[in-house]
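Novice: Sharing a structure with you now.
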Amino acid sequence: MCGFVGVISPGVPVRDELLAAMRDRLIHRGPDNGSSWLRDGSRVGLAHRRLSIIDTSHSADQPMATADGSLRISFNGEIYNYLELKQELEQLGEVFRTRSDTEVLLVALRRWGEAALPRLNGMFAFALWDERSRRMLVARDRFGEKPLFVGRGSLGTVVFASEMKAILVHPLVRCSLDARAAERYGMGSWYEDDELTFFEGIARFPPAHAAWFREDGSEERRWRYWTPDYTAVDTEIRPRAAVERFAELMQRSVGLRLRADVPVGSSLSGGLDSSVIVGLLSRERKTSTFAQNTFSAIFPSDPTMSEDKEIEAVVSHAGVNSFAVVPDPRGLAEESALLHWHQEEPFLSASIYLQWCVARLAQQNNTTVLLDGQGADELLGGYQFYFRLRQLDLLDQGRSALCMRETAKFNRRLRVASEQFEGAQRRFNVSVAYSIAELRALGKASPSVFHYPYAIGTAPAKRGFRLRRTLSEALLYNSLPMLLRYADRNSMAFSREARLPYLDHDLVDFCIRLPDAFYVRNGWQKWILREAAGKTIPHKIRWRADKVGYAAPLDNWLRGELREWAYERVMDSQLAGTPGYEITSVRALWDDHQKGDANNSWALWRWISLAEWLSIHRGGGWRVGRTGRAPVVVGH
């Protein structure tokens with residue numbers, strides 16, 4: 001929706017020009033309006049760039065204040081249940097002057113204080129200045145759909161912002177690579193699972209948290225307002241009731257995410273998750289009138305990787321307007337620096353460029369809001385390697401006969417699906433699950449439970465809970481946070497808003513209480529989603545066995561159009577000294593890939609992306625931005 005900046009500067013006054021420069025570094029997030037507010041004395045400020053979605057009039061611009069000026073907010077995101085909250089607040093005597101969700105959030109915080117946070121169904125990050133207590137409240141949504149960073153500079157300066165590039169405009173905040181982040185990235189352990197960022201002195205504010213900051217810049221208190229409980233399994237729920245409830249919550253989630261005063265469409269990959277959203281959106285057309293557009297990336301010349309046939313089937317079934325783009329590897333090379341500037345940190349897959357192209361396609365076709373399928377795999381056990389965890393859980397529980405039956409069905413379906421594609425291993429791993437023979441060999445001596453050292457909100461790391469442990473880690477820590485960063489930055493680069501129905505917190509709270517058999521059943525992953533989909537999508541999409549993911553054909557690109565460009569980057573001398581980078585080993589990876597002896601595209605992209613980030617850093621791009629203008633001075 002937007003981008004915002006908040007500043008607490010106890011040591012020196014903040015000039016209007018500096019606050020405006022920080023704000024306007026985020027103009028791509030909010031091209032419709034830019035406004036700022038400085039408290040008397042100029043030691044506290046808020047600024048906002050607006051992408052108008054709900055109540056597009058200027059009366060809903062931000063920073064927004066209460067009538068008495070005691071509270072003032074800059075907010076990024078959407079409160080989907082704002083109409084319900086507004087009605088409740090009106091019954092309590094509150095009066096509203098706009099139709100915006102921003103005002104509802106502001107009034108809710110004034111009326112209910114910190115207790116308002118668990119009531120919010122939405123994606124959000126905000127900074128609220130409370131003049132009465134002379135403190136700043138910052139908070140972020142449950143999953144971190146909307147970003148929030150905290151930068152600390154000299155003289156007690158604290159800066160809050162939607163993107164780090166806005167913080168780096170401030171001359172009292174250092175612009176230095178954090179060596180710990182580079183080490184994690186180079187050693188293959190970069191998950192964006194904590195506060196560490198690539199910039200020294202800038203922290204990633206955690207999802208589902210809020211904090212108060214005093215006017216002297218010190219942090220008074222921080223707390224977590226939502227924590228899932230993966231141990232509270234509803235063992236009494238029956239399959240039919242679960243499917244009906246899931247379908248009800250999913251349709252409600254999609255309906256809430258249609259609330260907008262601008263055109264709404266959806267991304268469509270051709271996979272199960274995005275196809276279900278398209279199908280549910282088509283149902284909504286029966287009660288509300290809107291032009292349903294879908295946006296996709298396809299590769300017609302590479303049928304093993306492309307999902308154009310699946311996309312065509314969904315589009316025909318739902319009767320929607322379809323737009324597609326064919327990402328060009330030469331475009332990736334030309335736009336890579338800009339893509340990395342928007343992403344702000346290196347990323348592990350070139351598939352991010354597909355999202356980038358789809359967001360631009362939506363912009364070109366005047367669709368401001370895009371519903372997307374992120375979160376379904378982490379919530380419902382959709383990644384195919386998760387099936388191995390289900391197999392081991394069944395062995396742990398002494399249910400070997402069921403394990404063998406599920407395994408036979410799963411492996412047979414993948415084998416049949418693989419026969420449709422030349423070089424099917426590029427599309428998916430047909431041997432991702434244990435074979436029957438391997439399971440028999442394992443017997444009771446199943447391997448120990450692999451887990452990361454996360455403690456809050458995760459299932460126990462013990463036998464019989466492998467799948468739940470991995471799902472909880474993925475949802476909260478080592479998978480979804482990165483995907484949400486990619487989605488937010490790519491959509492906002494083109495002033496588009498991505499909304500994610502699978503991350504409705506009521507739906508999530510319901511799903512994490514489901515028994516494992518509702519995630520994986522009869523050899524089908526995401527079983528409850530397939531059942532709930534019904535006739536909203538084609539049968540062949542609903543019961544697809546293969547899973548492509550959102551993947552670019554990088555393996556072929558590195559042997560073709562990107563060969564010279566990529567080689568320059570993986571051999572870039574600025575990578576020397578990065579932990580994990582050894583030029584002889586990287587050259588061997590490159591040579592094996594070029595000969596076709598292996599697909600090392602993922603391993604090579606890791607260094608390509610880091611080289612791009614370091615080039616921006618070396619050229620001063622994080623400080624001066626795309627325009628090349630130096631930051632303005634602070635103080636008088």
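By order in the structure tokens, chains are A, B, ...; within a chain, residues start at 1; ligands start at 1, following the order shown.
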Looking only at the backbone, which of the residues in stretch 367-597 of chain A does DSSP tag as strand (DSSP E), as a list of chain:residue names?
Specialist: A:Val369, A:Leu370, A:Leu371, A:Glu497, A:Ala498, A:Arg499, A:Val520, A:Arg521, A:Trp524, A:Gln525
Novice: Take the residues just selected and output them with all heavy atoms as a tab-separated table (two decimals), in the first residue's frame.
Specialist:
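Generated file (again_38.tsv):
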```tsv
chain	number	residue	atom	x	y	z
A	369	VAL	N	-4.04	-4.03	-7.31
A	369	VAL	CA	-3.96	-5.03	-6.26
A	369	VAL	C	-3.89	-6.42	-6.87
A	369	VAL	O	-4.66	-6.74	-7.79
A	369	VAL	CB	-5.17	-4.94	-5.32
A	369	VAL	CG1	-5.16	-6.07	-4.30
A	369	VAL	CG2	-5.19	-3.59	-4.61
A	370	LEU	N	-2.97	-7.24	-6.37
A	370	LEU	CA	-2.81	-8.61	-6.86
A	370	LEU	C	-2.94	-9.58	-5.69
A	370	LEU	O	-2.17	-9.50	-4.73
A	370	LEU	CB	-1.43	-8.80	-7.52
A	370	LEU	CG	-1.18	-8.10	-8.84
A	370	LEU	CD1	0.27	-8.31	-9.27
A	370	LEU	CD2	-2.12	-8.63	-9.92
A	371	LEU	N	-3.88	-10.49	-5.78
A	371	LEU	CA	-3.95	-11.59	-4.82
A	371	LEU	C	-2.98	-12.67	-5.25
A	371	LEU	O	-2.88	-12.99	-6.45
A	371	LEU	CB	-5.37	-12.15	-4.72
A	371	LEU	CG	-6.30	-11.46	-3.71
A	371	LEU	CD1	-6.51	-9.99	-4.08
A	371	LEU	CD2	-7.63	-12.18	-3.63
A	497	GLU	N	0.13	-3.68	-5.06
A	497	GLU	CA	-0.02	-4.24	-3.73
A	497	GLU	C	-0.34	-5.73	-3.83
A	497	GLU	O	-1.30	-6.13	-4.49
A	497	GLU	CB	-1.14	-3.54	-2.98
A	497	GLU	CG	-1.37	-4.11	-1.59
A	497	GLU	CD	-2.41	-3.34	-0.81
A	497	GLU	OE1	-2.04	-2.32	-0.19
A	497	GLU	OE2	-3.59	-3.74	-0.83
A	498	ALA	N	0.46	-6.56	-3.16
A	498	ALA	CA	0.23	-8.01	-3.12
A	498	ALA	C	-0.53	-8.36	-1.85
A	498	ALA	O	-0.13	-7.99	-0.75
A	498	ALA	CB	1.56	-8.75	-3.16
A	499	ARG	N	-1.64	-9.10	-2.01
A	499	ARG	CA	-2.44	-9.56	-0.89
A	499	ARG	C	-2.44	-11.09	-0.88
A	499	ARG	O	-2.59	-11.71	-1.94
A	499	ARG	CB	-3.87	-9.02	-0.98
A	499	ARG	CG	-3.95	-7.50	-0.89
A	499	ARG	CD	-5.39	-7.01	-0.96
A	499	ARG	NE	-5.48	-5.57	-0.73
A	499	ARG	CZ	-6.63	-4.88	-0.70
A	499	ARG	NH1	-7.78	-5.53	-0.86
A	499	ARG	NH2	-6.63	-3.59	-0.48
A	520	VAL	N	-1.55	-34.29	4.55
A	520	VAL	CA	-1.15	-35.37	3.64
A	520	VAL	C	-2.09	-36.55	3.85
A	520	VAL	O	-2.17	-37.10	4.95
A	520	VAL	CB	0.30	-35.82	3.88
A	520	VAL	CG1	0.70	-36.87	2.85
A	520	VAL	CG2	1.26	-34.63	3.85
A	521	ARG	N	-2.79	-36.94	2.80
A	521	ARG	CA	-3.79	-38.00	2.90
A	521	ARG	C	-3.86	-38.74	1.57
A	521	ARG	O	-3.88	-38.12	0.52
A	521	ARG	CB	-5.15	-37.39	3.25
A	521	ARG	CG	-6.20	-38.39	3.76
A	521	ARG	CD	-7.48	-37.61	4.08
A	521	ARG	NE	-8.48	-38.41	4.75
A	521	ARG	CZ	-8.56	-38.56	6.06
A	521	ARG	NH1	-7.69	-37.94	6.85
A	521	ARG	NH2	-9.52	-39.30	6.61
A	524	TRP	N	-1.62	-37.61	-1.11
A	524	TRP	CA	-1.78	-36.26	-1.67
A	524	TRP	C	-1.36	-35.23	-0.64
A	524	TRP	O	-1.88	-35.21	0.48
A	524	TRP	CB	-3.24	-35.98	-2.05
A	524	TRP	CG	-3.73	-36.72	-3.26
A	524	TRP	CD1	-4.60	-37.76	-3.29
A	524	TRP	CD2	-3.37	-36.45	-4.61
A	524	TRP	NE1	-4.81	-38.17	-4.58
A	524	TRP	CE2	-4.08	-37.38	-5.43
A	524	TRP	CE3	-2.53	-35.53	-5.24
A	524	TRP	CZ2	-3.95	-37.41	-6.81
A	524	TRP	CZ3	-2.41	-35.55	-6.62
A	524	TRP	CH2	-3.12	-36.49	-7.39
A	525	GLN	N	-0.46	-34.34	-1.01
A	525	GLN	CA	-0.13	-33.21	-0.16
A	525	GLN	C	-1.18	-32.11	-0.33
A	525	GLN	O	-1.85	-32.04	-1.35
A	525	GLN	CB	1.26	-32.67	-0.50
A	525	GLN	CG	2.37	-33.65	-0.16
A	525	GLN	CD	3.74	-33.13	-0.55
A	525	GLN	OE1	4.15	-33.30	-1.69
A	525	GLN	NE2	4.44	-32.51	0.38
```
Novice: Can you tell me, as a list in words, what residues are no more than 7 Å from stretch 592-601 of chain A when counting only C-alpha atoms, ignoring any on the same chain fewer than 6 positions away?
Specialist: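 Listed by chain and then number, they are Leu554, Asp555 and Arg559 of chain A.
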Novice: Quick one: contact table of stretch 472-557 of chain A to stretch 300-316 of chain A, 10 Å max, nearest atom pair and distance in Å to one decimal per residue, counting only C-alpha atoms, chain and number order, as JSON lines?
Specialist:
```
{"residue": "A:Thr536", "atom": "CA", "partner": "A:Val314", "partner_atom": "CA", "distance": 9.2}
{"residue": "A:Ile537", "atom": "CA", "partner": "A:Val314", "partner_atom": "CA", "distance": 6.3}
{"residue": "A:Pro538", "atom": "CA", "partner": "A:Val314", "partner_atom": "CA", "distance": 6.4}
{"residue": "A:His539", "atom": "CA", "partner": "A:Ala313", "partner_atom": "CA", "distance": 9.8}
{"residue": "A:Lys540", "atom": "CA", "partner": "A:Glu310", "partner_atom": "CA", "distance": 8.5}
{"residue": "A:Ile541", "atom": "CA", "partner": "A:Glu310", "partner_atom": "CA", "distance": 7.0}
{"residue": "A:Arg544", "atom": "CA", "partner": "A:Glu310", "partner_atom": "CA", "distance": 9.8}
{"residue": "A:Val548", "atom": "CA", "partner": "A:Met305", "partner_atom": "CA", "distance": 7.2}
{"residue": "A:Gly549", "atom": "CA", "partner": "A:Met305", "partner_atom": "CA", "distance": 9.5}
{"residue": "A:Tyr550", "atom": "CA", "partner": "A:Met305", "partner_atom": "CA", "distance": 9.4}
{"residue": "A:Ala551", "atom": "CA", "partner": "A:Met305", "partner_atom": "CA", "distance": 7.4}
{"residue": "A:Ala552", "atom": "CA", "partner": "A:Met305", "partner_atom": "CA", "distance": 7.6}
{"residue": "A:Pro553", "atom": "CA", "partner": "A:Met305", "partner_atom": "CA", "distance": 6.6}
{"residue": "A:Asn556", "atom": "CA", "partner": "A:Asp302", "partner_atom": "CA", "distance": 9.5}
```
Novice: Where does stretch 184-222 of chain A meet stretch 131-148 of chain A within 7 Å, residue by residue, with the nearest atom pair and distance in Å to one decimal for each, counting only C-alpha atoms, listed by chain and rising number, as JSON lines?
Specialist:
```
{"residue": "A:Arg204", "atom": "CA", "partner": "A:Leu148", "partner_atom": "CA", "distance": 6.4}
{"residue": "A:Phe205", "atom": "CA", "partner": "A:Leu148", "partner_atom": "CA", "distance": 5.6}
{"residue": "A:Pro207", "atom": "CA", "partner": "A:Gly144", "partner_atom": "CA", "distance": 4.5}
{"residue": "A:Ala208", "atom": "CA", "partner": "A:Arg142", "partner_atom": "CA", "distance": 3.9}
{"residue": "A:His209", "atom": "CA", "partner": "A:Ala139", "partner_atom": "CA", "distance": 5.8}
{"residue": "A:Ala210", "atom": "CA", "partner": "A:Ala139", "partner_atom": "CA", "distance": 4.1}
{"residue": "A:Ala211", "atom": "CA", "partner": "A:Val138", "partner_atom": "CA", "distance": 5.5}
{"residue": "A:Trp212", "atom": "CA", "partner": "A:Leu137", "partner_atom": "CA", "distance": 4.6}
{"residue": "A:Phe213", "atom": "CA", "partner": "A:Met136", "partner_atom": "CA", "distance": 5.0}
{"residue": "A:Arg214", "atom": "CA", "partner": "A:Arg135", "partner_atom": "CA", "distance": 4.6}
{"residue": "A:Glu215", "atom": "CA", "partner": "A:Arg135", "partner_atom": "CA", "distance": 5.7}
```
Novice: Rounded to one decimal, what separation in Å do you get between atom CA of A:Leu395 and atom CA of A:Pro447?
Specialist: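 One can read the atom CA of A:Leu395 to atom CA of A:Pro447 distance as 10.6 Å.
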Novice: Can you measure atom CA of A:Gly464 to atom CA of A:Gly398 for me? One decimal in Å is fine.
Specialist: 9.6 Å
Novice: Please report the interatomic distance between atom CA of A:Thr470 and atom CA of A:Glu163 in Å with one decimal.
Specialist: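 For atom CA of A:Thr470 relative to atom CA of A:Glu163, the distance reads 29.1 Å.
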Novice: Could you check which of A:Asp193, A:Val320, A:Gly381, A:Gly93 is closest to A:Tyr477, using only C-alpha atoms?
Specialist: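 Counting only C-alpha atoms, the residue closest to A:Tyr477 is A:Asp193.
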Novice: Among stretch 261-432 of chain A, which residues does DSSP mark as helix (DSSP H, G or I) when it is run on the backbone? Keep the chain and numbering as in the structure and answer as JSON, numbers by chain.
Specialist: {"A": [272, 273, 274, 275, 276, 277, 278, 279, 280, 281, 282, 283, 284, 308, 309, 310, 311, 312, 313, 314, 315, 316, 317, 318, 329, 330, 331, 332, 333, 334, 335, 336, 337, 338, 339, 340, 341, 342, 343, 352, 353, 354, 355, 356, 357, 358, 359, 360, 361, 362, 363, 364, 376, 377, 378, 379, 380, 386, 387, 388, 389, 390, 391, 392, 393, 394, 395, 396, 400, 401, 402, 403, 404, 405, 406, 407, 408, 409, 410, 411, 412, 413, 414, 415, 416, 417, 418, 424, 425, 426]}
Novice: Please provide as an MDAnalysis selection string all residues within 12 Å of A:Tyr486, with the sequence filter that same-chain residues fewer than 2 positions apart are discarded (counting only C-alpha atoms).
Specialist: chainID A and resid 144:147 192 339:340 342:356 359 374 479:484 488:493 498
Novice: Could you dump the residues just selected with N, CA and C atoms as a short mmCIF file (atom, residue, chain, number, x, y, z; two decimals), in the first residue's frame?
Specialist:
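The result, stored in out_6.cif:
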```
data_model
loop_
_atom_site.label_atom_id
_atom_site.label_comp_id
_atom_site.auth_asym_id
_atom_site.auth_seq_id
_atom_site.Cartn_x
_atom_site.Cartn_y
_atom_site.Cartn_z
N GLY A 144 4.67 -10.81 8.97
CA GLY A 144 5.67 -9.94 8.36
C GLY A 144 5.43 -9.72 6.89
N GLU A 145 4.15 -9.68 6.48
CA GLU A 145 3.84 -9.40 5.08
C GLU A 145 4.34 -8.02 4.69
N LYS A 146 4.23 -7.07 5.62
CA LYS A 146 4.71 -5.71 5.37
C LYS A 146 6.00 -5.50 6.16
N PRO A 147 6.99 -4.89 5.55
CA PRO A 147 8.33 -4.77 6.17
C PRO A 147 8.41 -3.63 7.17
N GLU A 192 16.90 -15.02 6.81
CA GLU A 192 16.12 -13.86 7.23
C GLU A 192 15.19 -14.23 8.39
N LEU A 339 16.77 -4.47 -9.90
CA LEU A 339 16.06 -5.49 -9.13
C LEU A 339 16.68 -5.67 -7.75
N HIS A 340 18.00 -5.72 -7.69
CA HIS A 340 18.68 -5.86 -6.41
C HIS A 340 18.54 -4.61 -5.55
N HIS A 342 15.96 -2.71 -5.40
CA HIS A 342 14.64 -2.79 -4.77
C HIS A 342 14.59 -3.90 -3.72
N GLN A 343 15.23 -5.03 -3.99
CA GLN A 343 15.20 -6.14 -3.03
C GLN A 343 16.03 -5.85 -1.78
N GLU A 344 17.05 -5.04 -1.90
CA GLU A 344 17.88 -4.54 -0.80
C GLU A 344 18.87 -5.56 -0.22
N GLU A 345 18.62 -6.82 -0.36
CA GLU A 345 19.54 -7.85 0.10
C GLU A 345 19.64 -8.91 -0.99
N PRO A 346 20.75 -9.64 -1.04
CA PRO A 346 20.87 -10.69 -2.05
C PRO A 346 19.74 -11.71 -1.91
N PHE A 347 19.46 -12.42 -2.98
CA PHE A 347 18.41 -13.42 -2.93
C PHE A 347 18.87 -14.69 -3.63
N LEU A 348 18.24 -15.80 -3.26
CA LEU A 348 18.79 -17.11 -3.56
C LEU A 348 18.28 -17.74 -4.85
N SER A 349 17.38 -17.07 -5.55
CA SER A 349 16.81 -17.67 -6.75
C SER A 349 16.51 -16.61 -7.80
N ALA A 350 16.83 -16.92 -9.04
CA ALA A 350 16.51 -16.01 -10.14
C ALA A 350 15.03 -15.98 -10.45
N SER A 351 14.26 -16.86 -9.84
CA SER A 351 12.81 -16.84 -10.06
C SER A 351 12.19 -15.54 -9.57
N ILE A 352 12.92 -14.80 -8.72
CA ILE A 352 12.42 -13.50 -8.27
C ILE A 352 12.15 -12.59 -9.47
N TYR A 353 12.92 -12.79 -10.53
CA TYR A 353 12.72 -11.96 -11.72
C TYR A 353 11.37 -12.24 -12.37
N LEU A 354 10.84 -13.44 -12.23
CA LEU A 354 9.52 -13.74 -12.77
C LEU A 354 8.46 -12.89 -12.07
N GLN A 355 8.53 -12.81 -10.75
CA GLN A 355 7.62 -11.97 -9.99
C GLN A 355 7.72 -10.52 -10.44
N TRP A 356 8.93 -10.08 -10.62
CA TRP A 356 9.21 -8.70 -11.07
C TRP A 356 8.47 -8.42 -12.38
N ALA A 359 4.62 -8.29 -11.87
CA ALA A 359 4.18 -7.04 -11.25
C ALA A 359 4.17 -5.90 -12.27
N GLN A 374 1.28 -17.00 -1.89
CA GLN A 374 2.33 -17.27 -0.92
C GLN A 374 1.75 -17.74 0.41
N SER A 479 11.55 -19.95 5.76
CA SER A 479 11.06 -20.02 4.39
C SER A 479 10.18 -18.82 4.06
N LEU A 480 9.04 -18.72 4.72
CA LEU A 480 8.08 -17.68 4.38
C LEU A 480 8.63 -16.26 4.50
N PRO A 481 9.41 -15.91 5.54
CA PRO A 481 9.90 -14.53 5.62
C PRO A 481 10.64 -14.07 4.36
N MET A 482 11.45 -14.93 3.76
CA MET A 482 12.14 -14.55 2.54
C MET A 482 11.16 -14.35 1.39
N LEU A 483 10.19 -15.27 1.26
CA LEU A 483 9.22 -15.16 0.18
C LEU A 483 8.39 -13.89 0.30
N LEU A 484 8.08 -13.51 1.54
CA LEU A 484 7.31 -12.28 1.74
C LEU A 484 8.14 -11.05 1.37
N ASP A 488 6.84 -8.48 -1.51
CA ASP A 488 6.62 -7.07 -1.18
C ASP A 488 7.47 -6.16 -2.06
N ARG A 489 8.76 -6.43 -2.16
CA ARG A 489 9.64 -5.52 -2.91
C ARG A 489 9.33 -5.54 -4.40
N ASN A 490 9.03 -6.71 -4.96
CA ASN A 490 8.73 -6.77 -6.39
C ASN A 490 7.43 -6.04 -6.72
N SER A 491 6.40 -6.24 -5.91
CA SER A 491 5.14 -5.57 -6.19
C SER A 491 5.26 -4.06 -5.98
N MET A 492 5.91 -3.66 -4.88
CA MET A 492 6.04 -2.24 -4.59
C MET A 492 6.96 -1.51 -5.57
N ALA A 493 7.89 -2.23 -6.19
CA ALA A 493 8.75 -1.60 -7.19
C ALA A 493 7.92 -1.00 -8.32
N ALA A 498 0.46 -6.56 -3.16
CA ALA A 498 0.23 -8.01 -3.12
C ALA A 498 -0.53 -8.36 -1.85
#
```
Novice: Kindly indicate which residue among A:Leu280, A:Ala611, A:Ile53, A:Ile512 lies nearest to A:Ala260, using only C-alpha atoms for the distances.
Specialist: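 Among the listed residues, A:Ile53 lies closest to A:Ala260.
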Novice: I'd like the neighbourhood of A:Ala401 as an MDAnalysis selection string, where a residue qualifies if any of its atoms comes within 12 Å (using only C-alpha atoms), though same-chain residues fewer than 6 positions away should be ignored.
Specialist: chainID A and resid 391 394:395 407:408 436 439:440 443
Novice: Excluding A:Met164 and residues on its chain fewer than 2 positions from it, collect all residues at most 12 Å away from it, counting only C-alpha atoms, and give them as a PyMOL selection string.
Specialist: chain A and resi 3-5+22-23+25-26+147-152+159-162+166-170+173-175+197-205+341-345+489+622-623+625
Novice: Give me the residues within 7 Å of A:Leu380 as a ChimeraX atom specification, counting only C-alpha atoms and dropping any in the same chain fewer than 2 places off.
Specialist: /A:376-378,382,519,526
Novice: Go ahead and save the picked residues with all heavy atoms, as a PDB file, in the first residue's frame.
Specialist:
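What ended up in result.pdb:
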```pdb
ATOM      1  N   ALA A 376       0.792 -20.890   1.248  1.00  0.00           N
ATOM      2  CA  ALA A 376       0.044 -22.155   1.238  1.00  0.00           C
ATOM      3  C   ALA A 376       0.956 -23.352   1.470  1.00  0.00           C
ATOM      4  O   ALA A 376       0.588 -24.290   2.186  1.00  0.00           O
ATOM      5  CB  ALA A 376      -0.713 -22.302  -0.078  1.00  0.00           C
ATOM      6  N   ASP A 377       2.133 -23.352   0.867  1.00  0.00           N
ATOM      7  CA  ASP A 377       3.041 -24.492   1.023  1.00  0.00           C
ATOM      8  C   ASP A 377       3.514 -24.630   2.460  1.00  0.00           C
ATOM      9  O   ASP A 377       3.589 -25.742   2.999  1.00  0.00           O
ATOM     10  CB  ASP A 377       4.240 -24.353   0.080  1.00  0.00           C
ATOM     11  CG  ASP A 377       3.870 -24.600  -1.363  1.00  0.00           C
ATOM     12  OD1 ASP A 377       3.129 -25.562  -1.631  1.00  0.00           O
ATOM     13  OD2 ASP A 377       4.312 -23.829  -2.227  1.00  0.00           O
ATOM     14  N   GLU A 378       3.843 -23.511   3.091  1.00  0.00           N
ATOM     15  CA  GLU A 378       4.300 -23.547   4.476  1.00  0.00           C
ATOM     16  C   GLU A 378       3.164 -23.885   5.432  1.00  0.00           C
ATOM     17  O   GLU A 378       3.383 -24.521   6.471  1.00  0.00           O
ATOM     18  CB  GLU A 378       4.908 -22.192   4.862  1.00  0.00           C
ATOM     19  CG  GLU A 378       6.220 -21.875   4.186  1.00  0.00           C
ATOM     20  CD  GLU A 378       6.093 -21.346   2.763  1.00  0.00           C
ATOM     21  OE1 GLU A 378       4.935 -21.119   2.307  1.00  0.00           O
ATOM     22  OE2 GLU A 378       7.117 -21.129   2.110  1.00  0.00           O
ATOM     23  N   GLY A 382       3.019 -28.211   1.467  1.00  0.00           N
ATOM     24  CA  GLY A 382       2.973 -28.385   0.026  1.00  0.00           C
ATOM     25  C   GLY A 382       4.278 -28.710  -0.668  1.00  0.00           C
ATOM     26  O   GLY A 382       4.271 -29.282  -1.751  1.00  0.00           O
ATOM     27  N   TYR A 519      -3.184 -32.603   6.107  1.00  0.00           N
ATOM     28  CA  TYR A 519      -2.170 -32.043   5.212  1.00  0.00           C
ATOM     29  C   TYR A 519      -1.798 -33.067   4.139  1.00  0.00           C
ATOM     30  O   TYR A 519      -1.680 -32.731   2.951  1.00  0.00           O
ATOM     31  CB  TYR A 519      -0.898 -31.670   5.981  1.00  0.00           C
ATOM     32  CG  TYR A 519      -1.075 -30.728   7.132  1.00  0.00           C
ATOM     33  CD1 TYR A 519      -0.343 -30.909   8.309  1.00  0.00           C
ATOM     34  CD2 TYR A 519      -1.930 -29.633   7.074  1.00  0.00           C
ATOM     35  CE1 TYR A 519      -0.461 -30.045   9.387  1.00  0.00           C
ATOM     36  CE2 TYR A 519      -2.063 -28.770   8.150  1.00  0.00           C
ATOM     37  CZ  TYR A 519      -1.330 -28.984   9.304  1.00  0.00           C
ATOM     38  OH  TYR A 519      -1.455 -28.127  10.367  1.00  0.00           O
ATOM     39  N   LYS A 526      -1.307 -31.254   0.670  1.00  0.00           N
ATOM     40  CA  LYS A 526      -2.330 -30.199   0.690  1.00  0.00           C
ATOM     41  C   LYS A 526      -3.715 -30.788   0.410  1.00  0.00           C
ATOM     42  O   LYS A 526      -4.522 -30.212  -0.318  1.00  0.00           O
ATOM     43  CB  LYS A 526      -1.978 -29.088  -0.304  1.00  0.00           C
ATOM     44  CG  LYS A 526      -0.789 -28.266   0.135  1.00  0.00           C
ATOM     45  CD  LYS A 526      -0.573 -27.018  -0.689  1.00  0.00           C
ATOM     46  CE  LYS A 526       0.038 -27.313  -2.024  1.00  0.00           C
ATOM     47  NZ  LYS A 526       0.604 -26.136  -2.694  1.00  0.00           N
TER      48      LYS A 526
END
```
Novice: Write out as a PyMOL selection string the residues lying within 10 Å of A:Gly319, counting only C-alpha atoms and excluding same-chain residues fewer than 6 positions away.
Specialist: chain A and resi 278-279+282+292-293+313
Novice: Restricted to C-alpha atoms, what would the selected residues look like written as a CSV table (one decimal), in the first residue's frame?
Specialist:
```csv
chain,number,residue,atom,x,y,z
A,278,VAL,CA,-8.6,-17.4,-9.2
A,279,GLY,CA,-11.5,-19.9,-8.8
A,282,SER,CA,-14.6,-16.0,-9.9
A,292,GLN,CA,-11.1,-10.3,-13.1
A,293,ASN,CA,-7.6,-10.2,-14.6
A,313,ALA,CA,-7.0,-24.5,-18.4
```
Novice: Can you work out which one of A:Ala127, A:Asp372, A:Asp16, A:Thr578 has the shortest atom-to-atom distance to A:Leu272, counting only C-alpha atoms?
Specialist: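 Smallest separation from A:Leu272 among the options: A:Asp372.
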Novice: When distances are computed from only C-alpha atoms, which of A:Asp229, A:Glu90, A:Asp572, A:Asp61 shows the smallest separation from A:Val586?
Specialist: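 Using only C-alpha atoms, A:Val586 sits closest to A:Asp572.
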